[in-house]
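**Student:** Here you go, protein-v4.cif (mmCIF, C-alpha atoms):
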```
data_target
loop_
_atom_site.group_PDB
_atom_site.id
_atom_site.type_symbol
_atom_site.label_atom_id
_atom_site.label_comp_id
_atom_site.auth_asym_id
_atom_site.auth_seq_id
_atom_site.Cartn_x
_atom_site.Cartn_y
_atom_site.Cartn_z
ATOM 1 C CA MET S 1 -63.908 1.963 16.091
ATOM 2 C CA LYS S 2 -64.076 1.041 12.387
ATOM 3 C CA ASN S 3 -61.185 3.452 11.670
ATOM 4 C CA LEU S 4 -59.190 1.835 14.452
ATOM 5 C CA LYS S 5 -59.706 -1.644 12.954
ATOM 6 C CA THR S 6 -58.748 -0.372 9.498
ATOM 7 C CA LEU S 7 -55.633 1.268 10.887
ATOM 8 C CA GLY S 8 -54.727 -1.956 12.711
ATOM 9 C CA LEU S 9 -55.185 -4.004 9.508
ATOM 10 C CA VAL S 10 -53.035 -1.560 7.523
ATOM 11 C CA MET S 11 -50.290 -1.762 10.152
ATOM 12 C CA VAL S 12 -50.356 -5.577 10.181
ATOM 13 C CA LEU S 13 -50.128 -5.669 6.360
ATOM 14 C CA ALA S 14 -47.291 -3.140 6.348
ATOM 15 C CA LEU S 15 -45.429 -5.150 8.962
ATOM 16 C CA ALA S 16 -45.911 -8.378 7.024
ATOM 17 C CA LEU S 17 -44.694 -6.769 3.803
ATOM 18 C CA GLY S 18 -41.706 -5.268 5.624
ATOM 19 C CA LEU S 19 -40.742 -8.630 7.083
ATOM 20 C CA GLY S 20 -41.157 -10.306 3.738
ATOM 21 C CA ALA S 21 -38.914 -7.734 2.053
ATOM 22 C CA GLY S 22 -36.316 -8.215 4.778
ATOM 23 C CA CYS S 23 -36.303 -11.965 4.218
ATOM 24 C CA ALA S 24 -35.942 -11.532 0.469
ATOM 25 C CA LYS S 25 -32.820 -9.409 0.910
ATOM 26 C CA LYS S 26 -31.322 -11.886 3.341
ATOM 27 C CA ALA S 27 -31.948 -14.723 0.902
ATOM 28 C CA GLU S 28 -30.243 -12.715 -1.855
ATOM 29 C CA VAL S 29 -27.101 -12.289 0.242
ATOM 30 C CA GLN S 30 -27.021 -15.986 1.090
ATOM 31 C CA THR S 31 -27.554 -16.932 -2.553
ATOM 32 C CA SER S 32 -24.782 -14.669 -3.818
ATOM 33 C CA ALA S 33 -22.432 -15.878 -1.091
ATOM 34 C CA THR S 34 -22.965 -19.488 -2.079
ATOM 35 C CA GLU S 35 -22.585 -18.785 -5.784
ATOM 36 C CA ASP S 36 -18.813 -18.375 -5.604
ATOM 37 C CA PRO S 37 -17.310 -20.152 -2.589
ATOM 38 C CA ALA S 38 -13.775 -19.362 -3.803
ATOM 39 C CA ALA S 39 -14.484 -15.622 -3.689
ATOM 40 C CA VAL S 40 -16.009 -15.948 -0.232
ATOM 41 C CA ALA S 41 -12.959 -17.894 0.982
ATOM 42 C CA LEU S 42 -10.591 -15.323 -0.507
ATOM 43 C CA ASN S 43 -12.475 -12.444 1.120
ATOM 44 C CA THR S 44 -12.362 -14.255 4.461
ATOM 45 C CA ALA S 45 -8.616 -14.832 4.060
ATOM 46 C CA VAL S 46 -8.020 -11.173 3.233
ATOM 47 C CA GLN S 47 -10.061 -10.088 6.262
ATOM 48 C CA THR S 48 -8.172 -12.459 8.557
ATOM 49 C CA ILE S 49 -4.819 -11.233 7.249
ATOM 50 C CA THR S 50 -5.691 -7.568 7.782
ATOM 51 C CA ASP S 51 -7.235 -8.216 11.198
ATOM 52 C CA GLY S 52 -4.950 -8.457 14.154
ATOM 53 C CA ILE S 53 -2.179 -6.118 15.166
ATOM 54 C CA VAL S 54 1.214 -6.908 16.627
ATOM 55 C CA TYR S 55 2.020 -4.589 19.541
ATOM 56 C CA PHE S 56 5.495 -3.868 20.864
ATOM 57 C CA ASP S 57 6.986 -2.792 24.151
ATOM 58 C CA TYR S 58 8.599 0.609 24.466
ATOM 59 C CA ASP S 59 11.728 0.898 22.324
ATOM 60 C CA LYS S 60 11.490 -2.818 21.349
ATOM 61 C CA TYR S 61 10.957 -4.668 18.105
ATOM 62 C CA ASP S 62 10.918 -8.322 19.128
ATOM 63 C CA VAL S 63 7.810 -10.357 18.265
ATOM 64 C CA LYS S 64 6.228 -11.454 21.536
ATOM 65 C CA SER S 65 5.083 -15.054 21.900
ATOM 66 C CA GLU S 66 1.470 -13.942 22.287
ATOM 67 C CA TYR S 67 1.425 -13.047 18.567
ATOM 68 C CA THR S 68 2.915 -16.244 17.152
ATOM 69 C CA GLY S 69 -0.445 -17.986 16.708
ATOM 70 C CA MET S 70 -1.935 -15.027 14.881
ATOM 71 C CA LEU S 71 1.115 -14.758 12.621
ATOM 72 C CA GLN S 72 1.004 -18.514 11.954
ATOM 73 C CA GLN S 73 -2.605 -18.141 10.795
ATOM 74 C CA LYS S 74 -1.678 -15.240 8.517
ATOM 75 C CA ALA S 75 1.241 -17.251 7.102
ATOM 76 C CA GLU S 76 -0.950 -20.278 6.359
ATOM 77 C CA LEU S 77 -3.446 -18.099 4.513
ATOM 78 C CA MET S 78 -0.732 -16.358 2.525
ATOM 79 C CA LYS S 79 0.734 -19.713 1.521
ATOM 80 C CA ALA S 80 -2.728 -20.920 0.485
ATOM 81 C CA TYR S 81 -3.298 -17.741 -1.561
ATOM 82 C CA PRO S 82 0.044 -16.923 -3.215
ATOM 83 C CA ASP S 83 -1.424 -13.968 -5.144
ATOM 84 C CA ILE S 84 -2.063 -12.086 -1.906
ATOM 85 C CA ARG S 85 0.521 -9.390 -1.191
ATOM 86 C CA VAL S 86 0.721 -7.761 2.204
ATOM 87 C CA ARG S 87 2.276 -4.531 3.426
ATOM 88 C CA ILE S 88 3.536 -4.664 7.002
ATOM 89 C CA ALA S 89 3.444 -1.178 8.492
ATOM 90 C CA GLY S 90 5.702 -0.419 11.451
ATOM 91 C CA ASN S 91 4.548 2.327 13.795
ATOM 92 C CA CYS S 92 5.803 4.046 16.932
ATOM 93 C CA ASP S 93 4.443 6.232 19.656
ATOM 94 C CA GLU S 94 5.036 9.973 19.642
ATOM 95 C CA ARG S 95 8.137 9.916 21.818
ATOM 96 C CA GLY S 96 11.542 10.130 20.170
ATOM 97 C CA THR S 97 12.751 11.928 17.076
ATOM 98 C CA GLN S 98 11.208 11.385 13.673
ATOM 99 C CA GLU S 99 14.425 9.744 12.415
ATOM 100 C CA TYR S 100 14.672 7.386 15.372
ATOM 101 C CA ASN S 101 11.006 6.377 15.132
ATOM 102 C CA LEU S 102 11.265 5.731 11.384
ATOM 103 C CA ALA S 103 14.199 3.396 12.033
ATOM 104 C CA LEU S 104 12.395 1.680 14.933
ATOM 105 C CA GLY S 105 9.228 1.277 12.872
ATOM 106 C CA GLU S 106 11.308 -0.339 10.128
ATOM 107 C CA ARG S 107 12.885 -2.757 12.635
ATOM 108 C CA ARG S 108 9.399 -3.662 13.870
ATOM 109 C CA ALA S 109 8.131 -4.303 10.350
ATOM 110 C CA ARG S 110 11.304 -6.285 9.567
ATOM 111 C CA ALA S 111 10.844 -8.470 12.659
ATOM 112 C CA VAL S 112 7.355 -9.526 11.554
ATOM 113 C CA TYR S 113 8.487 -9.862 7.921
ATOM 114 C CA ASP S 114 11.323 -12.176 8.958
ATOM 115 C CA TYR S 115 8.985 -14.189 11.173
ATOM 116 C CA LEU S 116 6.476 -14.703 8.344
ATOM 117 C CA VAL S 117 9.257 -15.710 5.937
ATOM 118 C CA MET S 118 10.544 -18.172 8.553
ATOM 119 C CA LEU S 119 7.022 -19.656 8.586
ATOM 120 C CA GLY S 120 7.252 -20.233 4.835
ATOM 121 C CA VAL S 121 5.673 -17.118 3.329
ATOM 122 C CA ASN S 122 7.231 -16.194 -0.004
ATOM 123 C CA PRO S 123 9.140 -12.909 0.481
ATOM 124 C CA SER S 124 7.672 -11.624 -2.800
ATOM 125 C CA GLN S 125 4.281 -11.545 -1.042
ATOM 126 C CA LEU S 126 5.520 -9.098 1.575
ATOM 127 C CA GLU S 127 6.637 -5.518 1.698
ATOM 128 C CA MET S 128 7.474 -3.276 4.606
ATOM 129 C CA VAL S 129 6.987 0.365 5.383
ATOM 130 C CA SER S 130 7.732 2.444 8.451
ATOM 131 C CA TYR S 131 5.485 5.328 9.357
ATOM 132 C CA GLY S 132 7.377 6.130 12.531
ATOM 133 C CA LYS S 133 5.105 8.300 14.634
ATOM 134 C CA GLU S 134 3.218 9.822 11.696
ATOM 135 C CA ARG S 135 0.160 7.538 11.746
ATOM 136 C CA PRO S 136 -0.963 7.066 15.333
ATOM 137 C CA ALA S 137 -3.835 4.657 15.933
ATOM 138 C CA VAL S 138 -5.028 6.869 18.785
ATOM 139 C CA SER S 139 -4.154 10.380 19.838
ATOM 140 C CA GLY S 140 -2.968 11.288 23.277
ATOM 141 C CA ASP S 141 0.142 11.433 25.367
ATOM 142 C CA THR S 142 -0.717 8.760 27.910
ATOM 143 C CA PRO S 143 0.905 5.362 28.460
ATOM 144 C CA GLU S 144 -2.273 3.714 27.132
ATOM 145 C CA ALA S 145 -2.194 5.728 23.901
ATOM 146 C CA TRP S 146 1.520 5.117 23.458
ATOM 147 C CA ALA S 147 1.022 1.364 23.877
ATOM 148 C CA LEU S 148 -1.640 1.309 21.133
ATOM 149 C CA ASN S 149 0.599 3.241 18.743
ATOM 150 C CA ARG S 150 3.617 0.899 19.060
ATOM 151 C CA ARG S 151 2.438 -1.611 16.496
ATOM 152 C CA ASP S 152 2.633 -3.374 13.163
ATOM 153 C CA ASN S 153 -0.541 -3.545 11.159
ATOM 154 C CA PHE S 154 -1.232 -5.359 7.899
ATOM 155 C CA ASP S 155 -2.695 -4.142 4.618
ATOM 156 C CA VAL S 156 -3.506 -6.432 1.703
ATOM 157 C CA ILE S 157 -2.220 -4.576 -1.365
ATOM 158 C CA ALA S 158 -2.923 -7.221 -4.025
ATOM 159 C CA ARG S 159 -5.053 -10.331 -4.289
#
```
Would you put the structure from the file into structure tokens?

**Tutor:**
Amino acid sequence: MKNLKTLGLVMVLALALGLGAGCAKKAEVQTSATEDPAAVALNTAVQTITDGIVYFDYDKYDVKSEYTGMLQQKAELMKAYPDIRVRIAGNCDERGTQEYNLALGERRARAVYDYLVMLGVNPSQLEMVSYGKERPAVSGDTPEAWALNRRDNFDVIAR
């Protein structure tokens, strides 16, 4: 019985120390995050710019209205942070020749590039690349996989 009480006391102390250590780490993260609000804001902007993908219909490169809000948000952030440079990567599904898909991927990247410039983004902040069908987001030869591979995604290349 005495051993059981001792074991229980040891477990309670270990739990208390573990919780205390967890709180100390959490406080450290909060402290460092509040030390440089500009860095936190920049990191959030970069994350928002890289998040979100523009998807395209089969053999199309027009920017659908469902993506205009997302692109507006990216444009506002890029205007607020003029040192950010973004690569727009045009991608296609596996159907079609390599040459055709490279050209289609470029048209997709160009469509988003032109839209962002129209929203006031400085063209020097943007670059385009087409990967054609070489960098699929998902593998498979189903309509669902093809739809996920017909896209533009965004990479921050300088900040």

**Student:** What's the 6 Å shell around range 111-128 of chain S, counting all atoms listed in the file, without same-chain residues fewer than 5 positions away, as a list of chain:residue names?

**Tutor:**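 The contact residues come out as S:Ala75, S:Lys79, S:Arg85, S:Val86, S:Arg87, S:Ile88, S:Ala89.
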
**Student:** Can you list, as a VMD selection string, every protein, DNA or RNA residue that comes within 12 Å of Ala147 in chain S when you count all atoms listed in the file, leaving out same-chain residues fewer than 6 positions away?

**Tutor:** chain S and resid 53 to 60 91 to 95 136 to 141

**Student:** Starting from the shown file, work through the PyMOL selection byres ((chain S and resi 73) around 12) and note down what comes out as a PyMOL selection string.

**Tutor:** chain S and resi 45-52+67-72+74-80+116+119-121

**Student:** CA of Tyr131 in chain S to CA of Leu42 in chain S: how many Å, to one decimal?

**Tutor:**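 Interatomic distance, CA of Tyr131 in chain S to CA of Leu42 in chain S: 28.0 Å.
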
**Student:** Any idea what the distance is between CA of Leu104 in chain S and CA of Pro82 in chain S?

**Tutor:**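 Spanning CA of Leu104 in chain S to CA of Pro82 in chain S is a straight-line distance of 28.8 Å.
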